[in-house]
file query.csv (CSV, C-alpha atoms)
chain,number,residue,atom,x,y,z
E,451,MET,CA,11.5,-8.0,6.2
E,452,THR,CA,9.0,-6.2,4.0
E,453,PHE,CA,7.4,-6.3,0.6
E,454,SER,CA,4.8,-4.0,-0.9
E,455,LEU,CA,3.0,-2.7,-3.9
E,456,VAL,CA,1.9,0.9,-4.4
E,457,ALA,CA,-0.2,1.8,-7.4
E,458,ARG,CA,-2.5,4.3,-9.2
E,459,ASP,CA,-5.8,2.8,-10.4
E,460,PRO,CA,-6.1,3.7,-14.1
E,461,GLN,CA,-9.9,3.2,-13.9
E,462,THR,CA,-10.6,5.7,-11.1
E,463,GLY,CA,-7.4,7.7,-10.5
E,464,GLY,CA,-7.3,6.5,-6.9
E,465,PHE,CA,-4.2,5.3,-5.1
E,466,GLY,CA,-3.7,2.1,-3.2
E,467,MET,CA,-1.0,0.1,-1.4
E,468,VAL,CA,-0.6,-3.3,0.1
E,469,VAL,CA,2.3,-4.3,2.4
E,470,THR,CA,3.4,-7.1,4.6
E,471,SER,CA,6.2,-7.6,7.1
E,472,SER,CA,7.7,-9.8,9.8
E,473,SER,CA,7.3,-6.9,12.2
E,474,PRO,CA,4.1,-5.7,13.8
E,475,ALA,CA,1.7,-3.0,12.4
E,476,VAL,CA,3.6,-2.5,9.2
E,477,ALA,CA,0.9,-0.4,7.5
E,478,ALA,CA,1.0,2.2,10.2
E,479,ARG,CA,4.6,3.1,9.2
E,480,CYS,CA,4.9,2.3,5.5
E,481,VAL,CA,1.7,3.4,3.7
E,482,HIS,CA,1.4,7.0,2.5
E,483,LEU,CA,-1.5,8.0,0.2
E,484,ARG,CA,-3.0,11.4,-0.7
E,485,GLN,CA,-6.1,11.9,-2.8
E,486,GLY,CA,-5.3,13.5,-6.2
E,487,VAL,CA,-1.6,13.6,-5.5
E,488,GLY,CA,0.0,10.1,-5.3
E,489,GLY,CA,1.1,7.2,-3.2
E,490,ALA,CA,4.4,6.4,-1.6
E,491,ALA,CA,6.0,3.5,0.3
E,492,SER,CA,8.7,4.0,2.9
E,493,GLN,CA,10.2,0.8,4.1
E,494,ASN,CA,13.4,-1.1,5.1
E,495,ILE,CA,14.7,0.7,8.2
E,496,THR,CA,11.6,2.8,8.0
E,497,ASP,CA,11.3,6.6,8.4
E,498,PRO,CA,7.6,7.3,7.9
E,499,GLY,CA,8.4,11.0,7.4
E,500,LEU,CA,10.0,10.2,4.0
E,501,GLY,CA,6.7,9.0,2.6
E,502,THR,CA,5.0,12.3,3.7
E,503,ALA,CA,7.9,14.2,2.2
E,504,LEU,CA,7.5,12.5,-1.2
E,505,LEU,CA,3.8,13.3,-1.3
E,506,ASP,CA,4.6,16.9,-0.4
E,507,LEU,CA,7.0,17.1,-3.3
E,508,LEU,CA,4.4,15.6,-5.7
E,509,GLU,CA,1.8,18.1,-4.5
E,510,ALA,CA,4.2,20.9,-5.1
E,511,GLY,CA,4.3,19.9,-8.8
E,512,ALA,CA,7.3,17.5,-9.0
E,513,PRO,CA,6.8,14.4,-11.1
E,514,ALA,CA,7.7,11.1,-9.4
E,515,ALA,CA,11.3,10.8,-10.6
E,516,GLU,CA,12.1,14.4,-9.7
E,517,ALA,CA,10.5,14.1,-6.3
E,518,MET,CA,12.5,10.9,-5.6
E,519,ALA,CA,15.7,12.5,-6.8
E,520,LYS,CA,15.2,15.6,-4.6
E,521,LEU,CA,14.4,13.6,-1.5
E,522,VAL,CA,17.4,11.2,-2.0
E,523,ALA,CA,19.7,14.2,-2.6
E,524,GLY,CA,18.5,16.0,0.5
E,525,THR,CA,18.3,13.1,3.1
E,526,VAL,CA,21.4,12.4,5.1
E,527,ASP,CA,20.7,8.8,6.1
E,528,ILE,CA,19.0,7.9,2.8
E,529,ASN,CA,21.1,4.7,2.3
E,530,TYR,CA,19.1,3.0,5.0
E,531,ARG,CA,15.9,3.4,3.2
E,532,GLN,CA,13.8,1.8,0.4
E,533,LEU,CA,11.2,4.0,-1.2
E,534,SER,CA,8.6,3.8,-3.9
E,535,VAL,CA,6.3,6.5,-5.4
E,536,VAL,CA,3.6,6.9,-8.0
E,537,ASP,CA,2.2,10.2,-9.0
E,538,ALA,CA,-1.2,11.5,-10.3
E,539,HIS,CA,-0.2,10.7,-13.9
E,540,GLY,CA,0.9,7.2,-13.1
E,541,ARG,CA,4.6,8.0,-13.3
E,542,THR,CA,6.8,6.0,-10.9
E,543,ALA,CA,10.2,6.0,-9.2
E,544,ALA,CA,12.0,3.7,-6.7
E,545,PHE,CA,15.1,3.8,-4.6
E,546,SER,CA,17.0,1.2,-2.5
E,547,GLY,CA,19.9,2.5,-0.5
E,548,SER,CA,23.1,0.6,0.0
E,549,GLY,CA,21.9,-0.3,3.5
E,550,THR,CA,18.8,-2.1,2.2
E,551,LEU,CA,18.5,-5.4,4.0
E,552,GLY,CA,19.3,-8.8,2.5
E,553,THR,CA,18.0,-9.7,-1.0
E,554,HIS,CA,16.1,-6.7,-2.3
E,555,ARG,CA,14.5,-5.6,-5.5
E,556,THR,CA,12.1,-3.0,-7.0
E,557,VAL,CA,10.1,-3.3,-10.1
E,558,GLU,CA,8.3,-0.5,-11.8
E,559,GLY,CA,5.2,-1.2,-14.0
E,560,ALA,CA,2.4,0.8,-15.5
E,561,GLY,CA,1.4,3.1,-12.7
E,562,ALA,CA,2.7,0.8,-10.0
E,563,VAL,CA,5.9,-0.1,-8.1
E,564,ALA,CA,6.6,-3.3,-6.2
E,565,ALA,CA,9.4,-3.4,-3.7
E,566,GLY,CA,10.9,-5.7,-1.1
E,567,ASN,CA,13.8,-6.4,1.1
E,568,LEU,CA,15.1,-9.4,3.1
E,569,LEU,CA,13.4,-11.5,0.4
E,570,SER,CA,13.6,-15.2,-0.1
E,571,SER,CA,14.5,-14.4,-3.7
E,572,PRO,CA,14.4,-11.4,-6.1
E,573,GLU,CA,11.6,-13.1,-8.1
E,574,VAL,CA,9.1,-12.3,-5.2
E,575,VAL,CA,8.9,-8.8,-6.5
E,576,ASP,CA,8.4,-9.8,-10.1
E,577,ALA,CA,5.6,-12.1,-9.0
E,578,ILE,CA,3.9,-9.3,-7.2
E,579,MET,CA,3.9,-7.0,-10.3
E,580,ALA,CA,2.9,-9.8,-12.7
E,581,ALA,CA,-0.1,-10.8,-10.6
E,582,TYR,CA,-1.3,-7.3,-10.0
E,583,SER,CA,-1.0,-6.4,-13.7
E,584,SER,CA,-3.0,-9.4,-14.9
E,585,ALA,CA,-5.6,-9.5,-12.1
E,586,ASP,CA,-9.3,-8.6,-12.6
E,587,GLY,CA,-11.8,-7.1,-10.2
E,588,ASP,CA,-11.8,-4.1,-7.9
E,589,PHE,CA,-8.6,-2.2,-7.2
E,590,GLU,CA,-8.4,-3.8,-3.8
E,591,ASP,CA,-8.7,-7.3,-5.4
E,592,ARG,CA,-5.9,-6.6,-7.8
E,593,LEU,CA,-3.6,-5.2,-5.0
E,594,LEU,CA,-4.3,-8.3,-2.9
E,595,ALA,CA,-3.6,-10.6,-5.8
E,596,GLY,CA,-0.1,-9.0,-6.0
E,597,LEU,CA,0.5,-9.4,-2.3
E,598,ARG,CA,-0.6,-13.1,-2.3
E,599,ALA,CA,1.6,-13.8,-5.3
E,600,GLY,CA,4.6,-12.4,-3.4
E,601,ARG,CA,3.8,-14.7,-0.5
E,602,ASP,CA,3.4,-17.7,-2.7
E,603,ALA,CA,6.6,-16.9,-4.6
E,604,GLY,CA,8.5,-17.3,-1.3
E,605,GLY,CA,7.9,-14.0,0.5
E,606,GLU,CA,10.5,-12.9,3.1
E,607,GLU,CA,13.3,-14.9,4.6
E,608,GLY,CA,11.2,-15.2,7.7
E,609,PRO,CA,7.4,-15.4,8.3
E,610,GLN,CA,5.1,-12.5,7.7
E,611,HIS,CA,3.3,-11.3,10.8
E,612,SER,CA,1.4,-8.1,9.7
E,613,ALA,CA,-0.2,-6.8,6.6
E,614,GLY,CA,-2.3,-3.8,5.3
E,615,LEU,CA,-4.5,-2.7,2.4
E,616,VAL,CA,-5.3,1.0,2.0
E,617,VAL,CA,-7.0,2.8,-0.9
E,618,VAL,CA,-7.7,6.5,-1.3
E,619,ASP,CA,-10.1,7.4,-4.0
E,620,GLN,CA,-13.3,9.6,-3.9
E,621,ALA,CA,-12.5,11.3,-0.6
E,622,ALA,CA,-9.5,12.7,1.3
E,623,TRP,CA,-9.7,9.8,3.7
E,624,PRO,CA,-9.2,6.1,2.8
E,625,VAL,CA,-12.2,4.4,1.5
E,626,THR,CA,-10.5,1.2,2.4
E,627,ASP,CA,-8.1,0.9,5.4
E,628,LEU,CA,-7.7,-2.7,6.6
E,629,ARG,CA,-4.9,-3.9,8.8
E,630,VAL,CA,-3.7,-7.1,10.4
E,631,ASP,CA,-1.2,-5.8,13.0
E,632,TRP,CA,-0.1,-9.3,14.2
E,633,ASP,CA,-0.9,-12.8,13.1
E,634,ASP,CA,1.1,-15.9,13.8
E,635,ASP,CA,-0.3,-17.9,10.9
E,636,ASP,CA,-1.0,-16.0,7.7
E,637,PRO,CA,-1.7,-12.2,7.9
E,638,ILE,CA,-2.2,-11.9,4.2
E,639,ALA,CA,-5.0,-14.5,4.3
E,640,ARG,CA,-6.6,-12.7,7.2
E,641,LEU,CA,-6.3,-9.4,5.3
E,642,SER,CA,-8.2,-11.0,2.4
E,643,GLU,CA,-10.9,-12.1,4.8
E,644,LEU,CA,-11.3,-8.6,6.0
E,645,TRP,CA,-11.6,-7.3,2.5
E,646,THR,CA,-14.4,-9.8,1.8
E,647,LEU,CA,-16.2,-8.4,4.9
E,648,TRP,CA,-15.6,-4.8,4.0
E,649,GLU,CA,-16.1,-4.8,0.2
E,650,PRO,CA,-20.0,-4.9,0.2
E,651,GLN,CA,-20.1,-2.1,2.8
E,652,LYS,CA,-17.4,0.2,1.4
E,653,ILE,CA,-19.7,2.5,-0.6
E,654,ASP,CA,-22.3,2.6,2.1
E,655,TYR,CA,-19.8,4.1,4.5
E,656,LEU,CA,-18.6,6.6,1.9
E,657,THR,CA,-22.3,7.6,1.4
E,658,ARG,CA,-22.7,8.1,5.1
E,659,ALA,CA,-19.9,10.6,5.1
E,660,VAL,CA,-20.9,12.6,2.0
E,661,HIS,CA,-24.7,12.1,1.8
E,662,PRO,CA,-25.8,11.2,5.3
E,663,ASP,CA,-29.5,11.8,4.5
E,664,THR,CA,-29.5,8.9,2.0
E,665,ALA,CA,-27.1,6.6,3.9
E,666,PRO,CA,-28.2,3.1,4.8
E,667,THR,CA,-28.2,2.0,8.5
E,668,TYR,CA,-27.5,-1.4,9.9
E,669,GLY,CA,-30.1,-1.5,12.6
E,670,VAL,CA,-27.7,-1.2,15.5
E,671,PRO,CA,-28.4,1.2,18.4
E,672,GLY,CA,-25.9,4.1,18.1
E,673,ASP,CA,-24.9,2.9,14.7
E,674,LEU,CA,-22.0,4.8,13.2

call {"tool": "encode", "arguments": {"input": "query.csv", "output": "structure tokens"}}
result
Amino acid sequence: MTFSLVARDPQTGGFGMVVTSSSPAVAARCVHLRQGVGGAASQNITDPGLGTALLDLLEAGAPAAEAMAKLVAGTVDINYRQLSVVDAHGRTAAFSGSGTLGTHRTVEGAGAVAAGNLLSSPEVVDAIMAAYSSADGDFEDRLLAGLRAGRDAGGEEGPQHSAGLVVVDQAAWPVTDLRVDWDDDDPIARLSELWTLWEPQKIDYLTRAVHPDTAPTYGVPGDL
């Protein structure tokens, strides 16, 4: 039903996540990122509060593995959940409860975790991590390379319908937050198109927020 990749960018210290699912608006439920703290994915039979709880534990000083262990031990219905986390030092942890749907797998790499459930094969998750780890370009490009590789390796048992790409880096809010909440054809391709549109404007919109006196405009009345 869902596969994802959450990672810390070793070049900037930012955090990012890509995710796709057969259900609508997957990024609204599964993506959890906090500047200077970490990133977490909460998926399968999703409880978004668990992603927030993982980030709170990281912010309180627990490394990734300790944060995951504390959350797992203290959550009554944890066997329904699949979770991934990466902390500010690039340490990672993952958990798949006994109720995780269908074929499922997690793979931990250098500062990154790929995870999936109801997959066409376990190799989907390996393909995500391999493509991300070998890709060039911006952080978003590398994350998308992983997501596309998961799709091309077979993806889920059914079709993907939604996808999201979120990165938190130089500000407390996402510098990139792109979502395809429903697409009947290929939400990952549509997400890649949105990134192509957003990429040349990303820094301009950050500048607007932190240095509005020097920010460019786009010549549109009431431009925001």

call {"tool": "closest_residue", "arguments": {"input": "query.csv", "among": "E:Gln620, E:Thr667, E:Ser583, E:Ser534", "to": "E:Gly464", "atoms": "all atoms listed in the file"}}
result
E:Gln620

call {"tool": "residues_around", "arguments": {"input": "query.csv", "residues": "stretch 478-491 of chain E", "least_positions_apart": "4", "cutoff": "6 Å", "atoms": "all atoms listed in the file", "output": "ChimeraX atom specification"}}
result
/E:465,498,501,509,533-538,618,622

call {"tool": "closest_residue", "arguments": {"input": "query.csv", "among": "E:Leu504, E:Ala577, E:Ile638, E:Ala543", "to": "E:Ser472", "atoms": "all atoms listed in the file"}}
result
E:Ile638

call {"tool": "closest_residue", "arguments": {"input": "query.csv", "among": "E:Phe453, E:Tyr530, E:Phe545, E:Tyr582", "to": "E:Ser471", "atoms": "all atoms listed in the file"}}
result
E:Phe453

call {"tool": "atom_distance", "arguments": {"input": "query.csv", "atom1": "atom CA of E:Thr550", "atom2": "atom CA of E:Ile528"}}
result
10.0 Å

call {"tool": "closest_residue", "arguments": {"input": "query.csv", "among": "E:Val563, E:Met451, E:Ala599, E:Met518", "to": "E:Met467", "atoms": "all atoms listed in the file"}}
result
E:Val563

call {"tool": "atom_distance", "arguments": {"input": "query.csv", "atom1": "atom CA of E:Val557", "atom2": "atom CA of E:Ala544"}}
result
8.0 Å

call {"tool": "residues_around", "arguments": {"input": "query.csv", "residues": "E:Gly549", "least_positions_apart": "4", "cutoff": "9 Å", "atoms": "only C-alpha atoms", "output": "PyMOL selection string"}}
result
chain E and resi 494-495+528-532

call {"tool": "residues_near_point", "arguments": {"input": "query.csv", "point": "(-15.1, -4.0, -10.5)", "cutoff": "12 Å", "atoms": "all atoms listed in the file", "output": "PyMOL selection string"}}
result
chain E and resi 459+461-462+585-592+649-650

call {"tool": "residues_near_point", "arguments": {"input": "query.csv", "point": "(15.4, 14.5, 5.7)", "cutoff": "10 Å", "atoms": "only C-alpha atoms", "output": "JSON, numbers by chain"}}
result
{"E": [497, 499, 500, 503, 521, 522, 523, 524, 525, 526, 527, 528]}

call {"tool": "atom_distance", "arguments": {"input": "query.csv", "atom1": "atom CA of E:Leu644", "atom2": "atom CA of E:Val630"}}
result
8.9 Å

call {"tool": "closest_residue", "arguments": {"input": "query.csv", "among": "E:Arg658, E:Glu573, E:Ala515, E:Gly566", "to": "E:Asp602", "atoms": "all atoms listed in the file"}}
result
E:Glu573

call {"tool": "decode", "arguments": {"input": "query.csv", "residues": "stretch 579-608 of chain E", "atoms": "N, CA, C and O atoms", "output": "compact mmCIF listing (two decimals), in the first residue's frame"}}
result
# COMPACT_ATOMS: atom_id res chain seq x y z
N MET E 579 16.68 2.24 -2.09
CA MET E 579 17.91 2.64 -1.40
C MET E 579 19.09 2.71 -2.36
O MET E 579 19.91 3.64 -2.30
N ALA E 580 19.20 1.75 -3.25
CA ALA E 580 20.32 1.74 -4.19
C ALA E 580 20.30 2.96 -5.10
O ALA E 580 21.34 3.59 -5.35
N ALA E 581 19.12 3.31 -5.61
CA ALA E 581 19.02 4.45 -6.52
C ALA E 581 19.30 5.76 -5.80
O ALA E 581 20.00 6.64 -6.33
N TYR E 582 18.76 5.91 -4.60
CA TYR E 582 19.02 7.12 -3.83
C TYR E 582 20.51 7.25 -3.53
O TYR E 582 21.09 8.34 -3.69
N SER E 583 21.14 6.18 -3.12
CA SER E 583 22.54 6.22 -2.69
C SER E 583 23.49 6.53 -3.85
O SER E 583 24.57 7.10 -3.63
N SER E 584 23.11 6.18 -5.06
CA SER E 584 24.00 6.38 -6.21
C SER E 584 23.64 7.61 -7.05
O SER E 584 24.38 7.96 -7.98
N ALA E 585 22.54 8.29 -6.73
CA ALA E 585 22.08 9.41 -7.55
C ALA E 585 22.90 10.67 -7.31
O ALA E 585 23.49 10.86 -6.24
N ASP E 586 22.92 11.54 -8.29
CA ASP E 586 23.56 12.86 -8.21
C ASP E 586 22.48 13.94 -8.17
O ASP E 586 21.29 13.66 -8.32
N GLY E 587 22.92 15.18 -7.99
CA GLY E 587 21.99 16.30 -8.06
C GLY E 587 21.55 16.78 -6.70
O GLY E 587 22.10 16.41 -5.66
N ASP E 588 20.53 17.65 -6.71
CA ASP E 588 19.96 18.17 -5.47
C ASP E 588 19.39 17.03 -4.63
O ASP E 588 19.11 15.94 -5.14
N PHE E 589 19.21 17.31 -3.36
CA PHE E 589 18.64 16.34 -2.44
C PHE E 589 17.31 15.83 -2.97
O PHE E 589 17.02 14.63 -2.98
N GLU E 590 16.46 16.73 -3.44
CA GLU E 590 15.17 16.34 -3.97
C GLU E 590 15.31 15.41 -5.18
O GLU E 590 14.53 14.46 -5.33
N ASP E 591 16.29 15.69 -6.04
CA ASP E 591 16.53 14.82 -7.19
C ASP E 591 16.89 13.41 -6.74
O ASP E 591 16.44 12.42 -7.32
N ARG E 592 17.72 13.31 -5.71
CA ARG E 592 18.14 12.00 -5.22
C ARG E 592 16.98 11.25 -4.57
O ARG E 592 16.83 10.03 -4.75
N LEU E 593 16.17 11.96 -3.81
CA LEU E 593 14.99 11.33 -3.21
C LEU E 593 14.04 10.81 -4.28
O LEU E 593 13.53 9.68 -4.19
N LEU E 594 13.80 11.63 -5.29
CA LEU E 594 12.91 11.21 -6.38
C LEU E 594 13.48 10.04 -7.16
O LEU E 594 12.73 9.17 -7.62
N ALA E 595 14.80 10.00 -7.30
CA ALA E 595 15.42 8.86 -7.99
C ALA E 595 15.10 7.58 -7.25
O ALA E 595 14.81 6.53 -7.86
N GLY E 596 15.13 7.63 -5.91
CA GLY E 596 14.77 6.46 -5.13
C GLY E 596 13.32 6.07 -5.32
O GLY E 596 13.00 4.87 -5.49
N LEU E 597 12.42 7.04 -5.31
CA LEU E 597 10.99 6.74 -5.44
C LEU E 597 10.69 6.14 -6.81
O LEU E 597 9.94 5.17 -6.93
N ARG E 598 11.28 6.72 -7.86
CA ARG E 598 11.06 6.19 -9.21
C ARG E 598 11.61 4.77 -9.34
O ARG E 598 10.99 3.91 -10.00
N ALA E 599 12.74 4.50 -8.70
CA ALA E 599 13.32 3.16 -8.76
C ALA E 599 12.41 2.15 -8.09
O ALA E 599 12.27 1.01 -8.57
N GLY E 600 11.76 2.55 -6.98
CA GLY E 600 10.80 1.65 -6.35
C GLY E 600 9.62 1.34 -7.24
O GLY E 600 9.19 0.19 -7.36
N ARG E 601 9.13 2.36 -7.92
CA ARG E 601 8.04 2.15 -8.89
C ARG E 601 8.48 1.21 -10.01
O ARG E 601 7.77 0.26 -10.37
N ASP E 602 9.67 1.47 -10.55
CA ASP E 602 10.13 0.70 -11.70
C ASP E 602 10.50 -0.73 -11.33
O ASP E 602 10.52 -1.61 -12.20
N ALA E 603 10.77 -0.96 -10.03
CA ALA E 603 11.07 -2.33 -9.57
C ALA E 603 9.81 -3.14 -9.28
O ALA E 603 9.91 -4.30 -8.88
N GLY E 604 8.65 -2.53 -9.49
CA GLY E 604 7.40 -3.24 -9.30
C GLY E 604 6.41 -2.56 -8.39
O GLY E 604 5.22 -2.85 -8.43
N GLY E 605 6.90 -1.67 -7.52
CA GLY E 605 6.01 -0.89 -6.67
C GLY E 605 5.15 -1.73 -5.75
O GLY E 605 5.56 -2.76 -5.23
N GLU E 606 3.93 -1.28 -5.57
CA GLU E 606 2.97 -1.98 -4.72
C GLU E 606 2.27 -3.10 -5.50
O GLU E 606 2.39 -3.21 -6.71
N GLU E 607 1.48 -3.87 -4.76
CA GLU E 607 0.65 -4.88 -5.41
C GLU E 607 -0.38 -4.24 -6.33
O GLU E 607 -0.75 -4.79 -7.36
N GLY E 608 -0.89 -3.07 -5.95
CA GLY E 608 -1.84 -2.33 -6.77
C GLY E 608 -1.22 -1.05 -7.29
O GLY E 608 -0.03 -0.78 -7.07
